[in-house]
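Shown here: data.csv, CSV, C-alpha atoms.
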```csv
chain,number,residue,atom,x,y,z
P,262,VAL,CA,110.0,80.0,75.9
P,263,SER,CA,112.2,83.0,76.8
P,264,TYR,CA,111.5,82.4,80.5
P,265,PHE,CA,112.4,78.7,80.2
P,266,PHE,CA,115.8,79.5,78.7
P,267,LEU,CA,116.3,82.3,81.3
P,268,SER,CA,115.7,79.9,84.1
P,269,ILE,CA,118.3,77.5,82.7
P,270,ALA,CA,120.8,80.4,82.0
P,271,LEU,CA,120.5,81.9,85.5
P,272,PHE,CA,120.5,78.6,87.4
P,273,TRP,CA,122.5,76.2,85.2
P,274,PRO,CA,124.5,74.8,88.2
P,275,ILE,CA,121.3,73.1,89.4
P,276,LEU,CA,121.1,71.1,86.2
P,277,ALA,CA,124.7,70.1,86.7
P,278,GLY,CA,123.6,68.4,90.0
P,279,TYR,CA,124.5,71.1,92.5
P,280,MET,CA,122.1,71.6,95.5
P,281,PRO,CA,120.1,74.8,95.2
P,282,GLY,CA,120.6,77.3,98.0
P,283,LYS,CA,122.8,77.1,101.0
P,284,GLY,CA,122.3,76.8,104.8
P,285,GLU,CA,120.2,74.7,107.0
P,286,GLU,CA,116.9,74.8,105.1
P,287,ALA,CA,118.3,73.5,101.8
P,288,TYR,CA,119.9,70.5,103.5
P,289,VAL,CA,116.8,69.7,105.6
P,290,GLN,CA,114.7,70.0,102.6
P,291,ALA,CA,116.9,67.6,100.6
P,292,TRP,CA,116.8,65.1,103.5
P,293,GLU,CA,113.0,65.3,103.7
P,294,VAL,CA,112.5,64.8,100.0
P,295,TRP,CA,114.8,61.7,100.1
P,296,TRP,CA,113.1,60.5,103.3
P,297,ASN,CA,109.6,60.8,101.7
P,298,ALA,CA,110.8,58.5,98.9
P,299,TYR,CA,112.3,55.8,101.2
P,300,LYS,CA,110.5,56.2,104.6
P,301,GLY,CA,108.4,53.1,103.9
P,302,LYS,CA,111.5,51.0,104.5
P,303,ALA,CA,111.6,52.5,108.1
P,304,ASN,CA,107.9,51.8,108.6
P,305,GLU,CA,107.3,55.4,109.5
P,306,THR,CA,104.4,57.4,108.1
P,307,ALA,CA,103.7,60.1,110.7
P,308,PRO,CA,104.4,63.7,109.5
P,309,PHE,CA,107.0,64.1,112.2
P,310,THR,CA,110.3,62.2,112.9
P,311,THR,CA,113.1,62.2,115.4
P,312,TYR,CA,115.5,60.6,113.0
P,313,VAL,CA,117.0,64.0,112.7
P,314,PHE,CA,117.5,66.8,115.4
P,315,TYR,CA,116.9,64.2,118.1
P,316,PRO,CA,115.2,64.6,120.6
P,317,VAL,CA,113.3,67.7,119.3
P,318,GLY,CA,112.7,66.1,115.9
P,319,GLU,CA,111.6,67.7,112.6
P,320,LYS,CA,108.1,68.1,111.3
P,321,THR,CA,107.7,66.5,107.8
P,322,SER,CA,104.1,67.7,107.1
P,323,ILE,CA,105.7,69.9,104.4
P,324,ILE,CA,106.3,66.7,102.4
P,325,LEU,CA,102.5,66.4,102.0
P,326,LEU,CA,102.6,69.4,99.6
P,327,PRO,CA,102.4,68.3,95.9
P,328,VAL,CA,105.8,69.9,95.0
P,329,TYR,CA,107.6,67.6,97.4
P,330,GLN,CA,105.6,64.6,96.4
P,331,VAL,CA,106.6,65.2,92.8
P,332,ALA,CA,110.3,65.6,93.8
P,333,SER,CA,110.1,62.3,95.7
P,334,ALA,CA,108.5,60.6,92.7
P,335,LEU,CA,111.4,61.9,90.6
P,336,ILE,CA,113.9,60.3,93.0
P,337,ALA,CA,111.9,57.0,92.9
P,338,MET,CA,112.3,57.2,89.0
P,339,GLY,CA,116.1,57.4,89.3
P,340,MET,CA,117.0,61.1,89.8
P,341,ASN,CA,119.3,62.0,92.7
P,342,VAL,CA,118.0,64.4,95.4
P,343,ASN,CA,119.7,67.5,93.9
P,344,GLN,CA,118.3,66.9,90.4
P,345,ALA,CA,114.8,66.3,91.7
P,346,THR,CA,114.7,69.4,93.9
P,347,GLY,CA,116.4,71.5,91.2
P,348,THR,CA,113.8,70.4,88.6
P,349,ILE,CA,111.0,71.6,90.8
P,350,PHE,CA,112.8,74.8,91.6
P,351,LEU,CA,113.3,75.6,87.9
P,352,LEU,CA,109.7,74.8,87.0
P,353,GLY,CA,108.5,77.1,89.8
P,354,MET,CA,110.6,80.0,88.5
P,355,PHE,CA,109.2,79.4,85.0
P,356,PHE,CA,105.5,79.3,86.0
P,357,SER,CA,105.9,82.2,88.3
P,358,ALA,CA,107.2,84.4,85.5
P,359,VAL,CA,104.5,83.3,83.1
P,360,ALA,CA,101.7,84.0,85.6
P,361,ALA,CA,103.1,87.5,86.3
P,362,TYR,CA,103.4,88.1,82.6
P,363,ALA,CA,99.7,87.3,82.2
P,364,LEU,CA,98.7,89.7,84.9
P,365,ILE,CA,100.9,92.6,83.8
P,366,TYR,CA,99.9,92.2,80.1
P,367,TYR,CA,96.2,92.3,81.0
P,368,LEU,CA,96.8,95.6,82.9
P,369,SER,CA,99.3,97.3,80.6
P,370,LYS,CA,98.6,95.7,77.1
P,371,SER,CA,102.4,96.0,76.6
P,372,ARG,CA,104.3,92.8,75.9
P,373,LEU,CA,107.6,94.5,76.8
P,374,ALA,CA,106.3,95.7,80.1
P,375,ALA,CA,104.8,92.3,80.8
P,376,PHE,CA,108.0,90.4,80.0
P,377,ALA,CA,110.1,92.8,82.2
P,378,GLY,CA,107.6,92.5,85.0
P,379,GLY,CA,107.4,88.7,84.8
P,380,PHE,CA,111.2,88.6,84.9
P,381,LEU,CA,111.5,90.9,87.9
P,382,PHE,CA,108.8,89.1,89.8
P,383,ALA,CA,110.0,85.5,89.2
P,384,PHE,CA,113.8,86.1,89.3
P,385,SER,CA,113.8,88.5,92.2
P,386,PRO,CA,116.5,87.9,94.8
P,387,ILE,CA,114.1,87.1,97.6
P,388,HIS,CA,112.1,84.7,95.5
P,389,SER,CA,115.2,82.9,94.4
P,390,LEU,CA,116.6,82.5,97.9
P,391,GLN,CA,113.2,81.5,99.4
P,392,GLY,CA,112.7,78.9,96.7
P,393,MET,CA,116.1,77.4,97.1
P,394,GLY,CA,115.6,77.1,100.9
P,395,LEU,CA,112.0,75.7,100.7
P,396,LEU,CA,110.7,74.4,97.4
P,397,GLN,CA,107.1,75.5,97.9
P,398,TYR,CA,108.1,79.1,97.8
P,399,SER,CA,109.4,78.7,94.3
P,400,ASN,CA,105.8,78.2,93.3
P,401,ILE,CA,104.3,81.6,93.8
P,402,GLU,CA,102.5,81.7,90.4
P,403,PHE,CA,99.1,81.5,92.0
P,404,LEU,CA,99.5,84.9,93.6
P,405,PRO,CA,99.4,86.9,90.3
P,406,LEU,CA,96.8,84.5,88.9
P,407,SER,CA,94.4,85.1,91.8
P,408,LEU,CA,94.9,88.9,91.3
P,409,LEU,CA,94.4,88.6,87.6
P,410,PHE,CA,91.0,86.9,88.0
P,411,ILE,CA,89.7,89.2,90.7
P,412,ILE,CA,90.6,92.2,88.6
P,413,LYS,CA,88.8,90.6,85.6
P,414,LEU,CA,85.8,89.9,87.8
P,415,ALA,CA,85.6,93.7,88.6
P,416,ASN,CA,86.2,94.8,85.0
P,417,GLU,CA,84.2,92.2,83.0
P,418,LYS,CA,81.7,91.1,85.7
P,419,LYS,CA,81.9,87.5,84.7
P,420,LYS,CA,81.2,85.2,87.6
P,421,LYS,CA,83.6,82.5,86.4
P,422,TYR,CA,86.5,84.7,87.3
P,423,ALA,CA,85.5,84.5,91.0
P,424,ILE,CA,85.7,80.8,90.8
P,425,TYR,CA,89.1,80.9,89.1
P,426,SER,CA,90.4,83.4,91.6
P,427,GLY,CA,89.2,81.2,94.5
P,428,ILE,CA,90.8,78.1,93.0
P,429,ALA,CA,94.1,80.0,92.6
P,430,LEU,CA,93.9,81.1,96.2
P,431,ALA,CA,93.3,77.5,97.2
P,432,PHE,CA,96.2,76.2,95.1
P,433,SER,CA,98.5,78.7,96.8
P,434,SER,CA,97.9,76.7,100.0
P,435,ILE,CA,97.8,73.2,98.4
P,436,PHE,CA,101.1,73.8,96.6
P,437,GLY,CA,102.7,76.4,98.9
P,438,GLY,CA,101.5,75.6,102.4
P,439,GLY,CA,99.6,77.7,104.9
P,440,ALA,CA,102.1,80.6,104.9
P,441,LEU,CA,101.8,81.2,101.2
P,442,PHE,CA,98.0,81.0,101.5
P,443,THR,CA,98.1,83.8,104.2
P,444,ILE,CA,100.4,85.9,102.0
P,445,ASN,CA,98.1,85.5,99.0
P,446,LEU,CA,95.0,86.2,101.1
P,447,LEU,CA,96.5,89.5,102.3
P,448,CYS,CA,97.0,90.5,98.8
P,449,ILE,CA,93.5,89.6,97.6
P,450,LEU,CA,91.9,91.5,100.5
P,451,VAL,CA,93.8,94.7,99.6
P,452,PHE,CA,92.8,94.4,96.0
P,453,ALA,CA,89.2,93.5,96.9
P,454,ILE,CA,88.8,96.6,99.0
P,455,TYR,CA,90.4,98.8,96.4
P,456,LEU,CA,88.2,97.4,93.6
P,457,ALA,CA,85.1,97.8,95.7
P,458,ILE,CA,85.9,101.4,96.4
P,459,SER,CA,86.6,102.0,92.7
P,460,ILE,CA,83.3,100.5,91.7
P,461,ALA,CA,81.4,102.6,94.2
P,462,LYS,CA,82.9,105.8,92.9
P,463,LYS,CA,81.7,105.0,89.3
P,464,GLN,CA,78.3,103.7,90.2
P,465,ALA,CA,76.1,102.4,93.0
P,466,PHE,CA,78.1,99.8,94.9
P,467,GLU,CA,77.3,96.4,93.5
P,468,LYS,CA,76.4,93.8,96.0
P,469,GLU,CA,77.2,91.2,93.4
P,470,PHE,CA,80.9,92.1,93.5
P,471,ALA,CA,80.9,91.8,97.3
P,472,LYS,CA,79.1,88.4,97.0
P,473,TRP,CA,81.6,87.0,94.5
P,474,VAL,CA,84.5,88.2,96.6
P,475,GLY,CA,82.9,86.1,99.4
P,476,VAL,CA,82.9,83.2,97.0
P,477,ILE,CA,86.6,83.6,96.3
P,478,LEU,CA,87.4,83.6,100.0
P,479,ALA,CA,85.1,80.7,100.7
P,480,ILE,CA,86.6,78.5,98.0
P,481,GLY,CA,90.2,79.4,99.1
P,482,ILE,CA,89.6,79.0,102.9
P,483,ILE,CA,87.5,75.8,102.8
P,484,ALA,CA,90.0,74.1,100.4
P,485,SER,CA,93.0,75.3,102.5
P,486,LEU,CA,91.6,74.5,105.9
P,487,PRO,CA,93.0,71.0,106.2
P,488,VAL,CA,96.5,72.2,105.3
P,489,MET,CA,96.2,75.2,107.7
P,490,LEU,CA,95.0,73.0,110.7
P,491,ILE,CA,97.7,70.4,110.2
P,492,GLN,CA,100.4,73.1,109.9
P,493,ASN,CA,99.1,75.0,113.0
P,494,SER,CA,99.1,71.8,115.0
P,495,LEU,CA,102.7,71.0,114.1
P,496,ASP,CA,103.8,74.6,114.5
P,497,ASN,CA,102.3,74.7,118.0
P,498,SER,CA,104.2,71.4,118.9
P,499,TYR,CA,107.4,73.0,117.7
P,500,LEU,CA,106.9,76.4,119.4
P,501,GLN,CA,106.7,74.7,122.8
P,502,PHE,CA,110.5,74.6,122.6
P,503,THR,CA,110.9,78.3,121.9
P,504,ASN,CA,109.3,81.7,122.3
P,505,ARG,CA,107.3,82.6,119.2
P,506,THR,CA,108.2,86.3,119.3
P,507,ALA,CA,111.9,85.7,119.8
P,508,TYR,CA,111.8,83.1,117.0
P,509,ALA,CA,110.1,85.6,114.7
P,510,GLN,CA,112.6,88.3,115.5
P,511,ALA,CA,115.5,86.0,114.7
P,512,ASN,CA,113.9,85.3,111.3
P,513,SER,CA,112.9,88.9,110.3
P,514,ALA,CA,114.1,91.1,107.6
P,515,ASN,CA,116.7,93.7,108.5
P,516,PHE,CA,115.7,97.1,107.2
P,517,LEU,CA,119.1,97.6,105.5
P,518,SER,CA,118.7,94.3,103.7
P,519,PHE,CA,116.1,95.9,101.5
P,520,PHE,CA,118.9,97.8,99.9
P,521,ASP,CA,121.9,95.6,100.7
P,522,PRO,CA,122.7,92.9,98.1
P,523,SER,CA,122.7,89.3,99.1
P,524,THR,CA,126.1,87.7,99.6
P,525,THR,CA,125.1,85.3,96.8
P,526,ASN,CA,124.9,88.1,94.3
P,527,GLN,CA,127.8,87.5,91.9
P,528,LEU,CA,128.1,91.1,91.0
P,529,LEU,CA,127.4,93.0,94.2
P,530,GLY,CA,127.8,90.4,96.9
P,531,GLY,CA,131.2,91.7,97.8
P,532,ILE,CA,129.8,94.9,99.2
P,533,ALA,CA,127.1,93.1,101.2
P,534,ASP,CA,127.0,93.8,105.0
P,535,LYS,CA,127.8,90.4,106.4
P,536,GLU,CA,126.4,91.3,109.8
P,537,ILE,CA,122.9,91.4,108.4
P,538,TYR,CA,123.2,87.8,107.3
P,539,LEU,CA,124.7,86.1,110.4
P,540,GLN,CA,121.9,83.5,110.3
P,541,ASN,CA,120.6,81.5,107.4
P,542,GLU,CA,120.5,84.1,104.6
P,543,ALA,CA,117.2,82.8,103.2
P,544,ASN,CA,115.6,84.0,106.5
P,545,THR,CA,117.0,87.5,106.6
P,546,VAL,CA,117.6,88.6,103.0
P,547,ALA,CA,115.0,91.0,101.5
P,548,TYR,CA,117.1,92.7,98.8
P,549,LEU,CA,114.7,94.4,96.4
P,550,GLY,CA,117.2,95.0,93.6
P,551,TYR,CA,118.0,98.5,92.3
P,552,THR,CA,116.6,97.7,88.9
P,553,ALA,CA,113.3,96.7,90.4
P,554,ILE,CA,113.2,99.9,92.5
P,555,ALA,CA,114.0,102.1,89.5
P,556,VAL,CA,111.4,100.4,87.3
P,557,SER,CA,108.7,100.6,90.1
P,558,ALA,CA,109.4,104.3,90.7
P,559,TYR,CA,109.1,105.0,87.0
P,560,ALA,CA,105.8,103.0,86.8
P,561,LEU,CA,104.4,105.0,89.8
P,562,TYR,CA,105.3,108.3,88.2
P,563,ASN,CA,103.6,107.3,84.9
P,564,ASP,CA,100.6,106.0,86.8
P,565,ARG,CA,100.0,109.3,88.4
P,566,ARG,CA,99.6,110.9,85.0
P,567,LYS,CA,96.7,108.6,84.0
P,568,LYS,CA,93.1,109.6,84.3
P,569,GLU,CA,92.4,106.4,86.2
P,570,PRO,CA,95.6,105.4,88.1
P,571,ASN,CA,95.6,101.8,89.2
P,572,ALA,CA,99.0,101.4,91.0
P,573,LEU,CA,97.6,102.2,94.5
P,574,PRO,CA,96.7,98.6,95.5
P,575,PHE,CA,100.2,97.4,94.4
P,576,LEU,CA,101.8,100.1,96.4
P,577,VAL,CA,99.8,99.4,99.5
P,578,THR,CA,100.5,95.7,99.2
P,579,PHE,CA,104.2,96.4,98.8
P,580,LEU,CA,104.4,98.6,101.8
P,581,LEU,CA,102.3,96.4,104.0
P,582,SER,CA,104.4,93.3,103.1
P,583,LEU,CA,107.6,95.1,103.9
P,584,TRP,CA,106.3,96.3,107.2
P,585,LEU,CA,105.2,92.8,108.2
P,586,SER,CA,108.5,91.3,107.0
P,587,LEU,CA,110.4,93.4,109.5
P,588,GLY,CA,109.0,91.3,112.2
P,589,PRO,CA,108.1,92.1,115.8
P,590,TYR,CA,110.7,94.8,116.3
P,591,ARG,CA,112.7,96.9,113.8
P,592,SER,CA,116.3,95.9,113.2
P,593,ILE,CA,118.6,98.3,111.3
P,594,GLY,CA,122.0,96.8,110.7
P,595,SER,CA,123.4,95.5,113.9
P,596,VAL,CA,121.0,97.6,116.0
P,597,ASN,CA,117.7,96.3,117.3
P,598,THR,CA,115.6,99.5,117.8
P,599,GLU,CA,112.9,97.8,119.9
P,600,ILE,CA,110.4,99.8,117.8
P,601,PRO,CA,107.3,97.5,117.7
P,602,GLY,CA,105.7,96.5,114.4
P,603,ILE,CA,102.3,95.2,113.2
P,604,TYR,CA,103.6,91.7,113.2
P,605,LEU,CA,103.0,91.7,117.0
P,606,LEU,CA,99.3,92.0,116.3
P,607,TYR,CA,99.4,89.5,113.4
P,608,GLU,CA,100.9,86.7,115.5
P,609,HIS,CA,97.8,86.7,117.7
P,610,LEU,CA,95.3,86.2,114.9
P,611,PRO,CA,93.5,82.8,114.8
P,612,ILE,CA,94.5,80.1,112.1
P,613,ILE,CA,96.1,82.5,109.6
P,614,SER,CA,99.0,83.5,112.0
P,615,ASN,CA,101.0,80.8,110.4
P,616,VAL,CA,103.9,82.8,109.0
P,617,LEU,CA,106.3,82.1,111.8
P,618,LYS,CA,109.2,83.7,109.9
P,619,PRO,CA,108.1,87.3,109.1
P,620,GLU,CA,110.7,87.6,106.3
P,621,LYS,CA,108.4,85.3,104.1
P,622,PHE,CA,106.1,88.3,103.7
P,623,GLY,CA,108.8,89.8,101.5
P,624,LEU,CA,107.7,87.5,98.7
P,625,LEU,CA,104.8,90.0,98.2
P,626,SER,CA,107.2,92.9,97.8
P,627,SER,CA,108.8,91.1,94.8
```
Before we go any further, please render this structure as structure tokens.
Amino acid sequence: VSYFFLSIALFWPILAGYMPGKGEEAYVQAWEVWWNAYKGKANETAPFTTYVFYPVGEKTSIILLPVYQVASALIAMGMNVNQATGTIFLLGMFFSAVAAYALIYYLSKSRLAAFAGGFLFAFSPIHSLQGMGLLQYSNIEFLPLSLLFIIKLANEKKKKYAIYSGIALAFSSIFGGGALFTINLLCILVFAIYLAISIAKKQAFEKEFAKWVGVILAIGIIASLPVMLIQNSLDNSYLQFTNRTAYAQANSANFLSFFDPSTTNQLLGGIADKEIYLQNEANTVAYLGYTAIAVSAYALYNDRRKKEPNALPFLVTFLLSLWLSLGPYRSIGSVNTEIPGIYLLYEHLPIISNVLKPEKFGLLSS
């Protein structure tokens, strides 16, 4: 209930009918939601149209995701575009907070820590801006859910949790698209390796755990494959007009943006370095938030004092996601250092190299 009211308190202009976000993605998203509700009148059903951005056109496969179908249904029921997209955005923030709460409470057994963690995860600057630009990124609740169930699988050895984790992984693709699936898959792999090593230290390595991790991946990958293939096909048709590495570099996080507030920050936006956000801000902002950094540092300090510290997979996932979000080459302020990053390797992977905008990896860092 608290998260519901916090969503309204922090984003009340959306309920008043204002369009969430700013820049190109928010407007294109609004047009596509409207188009999906009324495209039948134009006798067009293909997931691509040249009605906008002619002659290059715009892929509309994103509308196949349930969040957009629901938004279009709300329009058909009488809502305007801003109200429909705003409703989906607010629900995404709420469910993301609740899912993070469930994970953190299971690990900490502290309701206060769980509430604070759920708040910081769901209402982080990067999640807010990504969700405003593209609705599917407001629905990141399946990420903490998939982790919750794989951790329960390792601790409680109940096979049902493997199925639950696999379903959560699959839903991250069905609701969030191929990019969110890849981001979630990366997180699951890090935790699976860590949990397997932890089990091996305590007892003989259980083949059962490895087998059920395989089940998680199989459920997630098989259910997500249609979404991945459609997205990759449309991405390839789009990339014929541009160089992928150059496109990725233009949509990578700037190193300073981890510590530099977004220009939309009502308290600290005035000190933001405007040069970092010359393009659409949703594609370059990666502000972590000083509160989140302080809380995380305190949590790491306390974790080191435990007999069985469990913060390592979170730290590895955090650092890996930040590294990937920096894109092909490191940019620091207005300087492109030409220092290569691991994204150059990632973009050559088959099927899962569908995160064309590296900054999206920053969702894991939240």
Using all atoms listed in the file, what does the table of region 549-591 of chain P residues within 7 Å of region 604-615 of chain P look like, with each row giving the shortest atom pair and its distance in Å to one decimal, sorted by chain and ascending number, as JSON lines?
```
{"residue": "P:Leu585", "atom": "CA", "partner": "P:Tyr604", "partner_atom": "CA", "distance": 5.4}
{"residue": "P:Gly588", "atom": "CA", "partner": "P:Tyr604", "partner_atom": "CA", "distance": 5.5}
{"residue": "P:Pro589", "atom": "CA", "partner": "P:Tyr604", "partner_atom": "CA", "distance": 5.2}
```
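Ranking P:Ala345, P:Leu456, P:Thr443, P:Gly378 by their shortest atom-to-atom distance to Val556 (chain P), with all atoms listed in the file included, puts P:Gly378 first.
For the choices P:Pro327, P:Gly347, P:Gly550, P:Gly602, the atom-to-atom distance to Ser513 (chain P) is smallest for P:Gly602 when using all atoms listed in the file.
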So which residues touch Leu549 (chain P) within 8 Å, counting only C-alpha atoms, skipping near sequence neighbours fewer than 2 positions away, as a PDB file with C-alpha atoms, in the frame of the given file?
```
ATOM      1  CA  SER P 385     113.800  88.500  92.200  1.00  0.00           C
ATOM      2  CA  PRO P 386     116.500  87.900  94.800  1.00  0.00           C
ATOM      3  CA  ILE P 387     114.100  87.100  97.600  1.00  0.00           C
ATOM      4  CA  PHE P 519     116.100  95.900 101.500  1.00  0.00           C
ATOM      5  CA  PHE P 520     118.900  97.800  99.900  1.00  0.00           C
ATOM      6  CA  ALA P 547     115.000  91.000 101.500  1.00  0.00           C
ATOM      7  CA  TYR P 551     118.000  98.500  92.300  1.00  0.00           C
ATOM      8  CA  ALA P 553     113.300  96.700  90.400  1.00  0.00           C
ATOM      9  CA  ILE P 554     113.200  99.900  92.500  1.00  0.00           C
ATOM     10  CA  SER P 626     107.200  92.900  97.800  1.00  0.00           C
ATOM     11  CA  SER P 627     108.800  91.100  94.800  1.00  0.00           C
TER      12      SER P 627
END
```
Using only C-alpha atoms: which of P:Leu450, P:Ile365, P:Ala332, P:Leu583 has the shortest distance to Asn571 (chain P):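 The answer is P:Ile365, which sits nearest to Asn571 (chain P).
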Which residue of P:Phe380, P:Tyr329, P:Tyr508, P:Tyr422 approaches Ile435 (chain P) most closely, using all atoms listed in the file: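 Checking each candidate against Ile435 (chain P), we get P:Tyr329 as the closest.
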Neighbour residues at most 12 Å from (108.8, 78.8, 98.6) (all atoms listed in the file) as a ChimeraX atom specification: /P:282,286-287,290,323,326,328-329,349-350,353-354,357,383,387-402,433-434,436-442,444,543-544,620-625
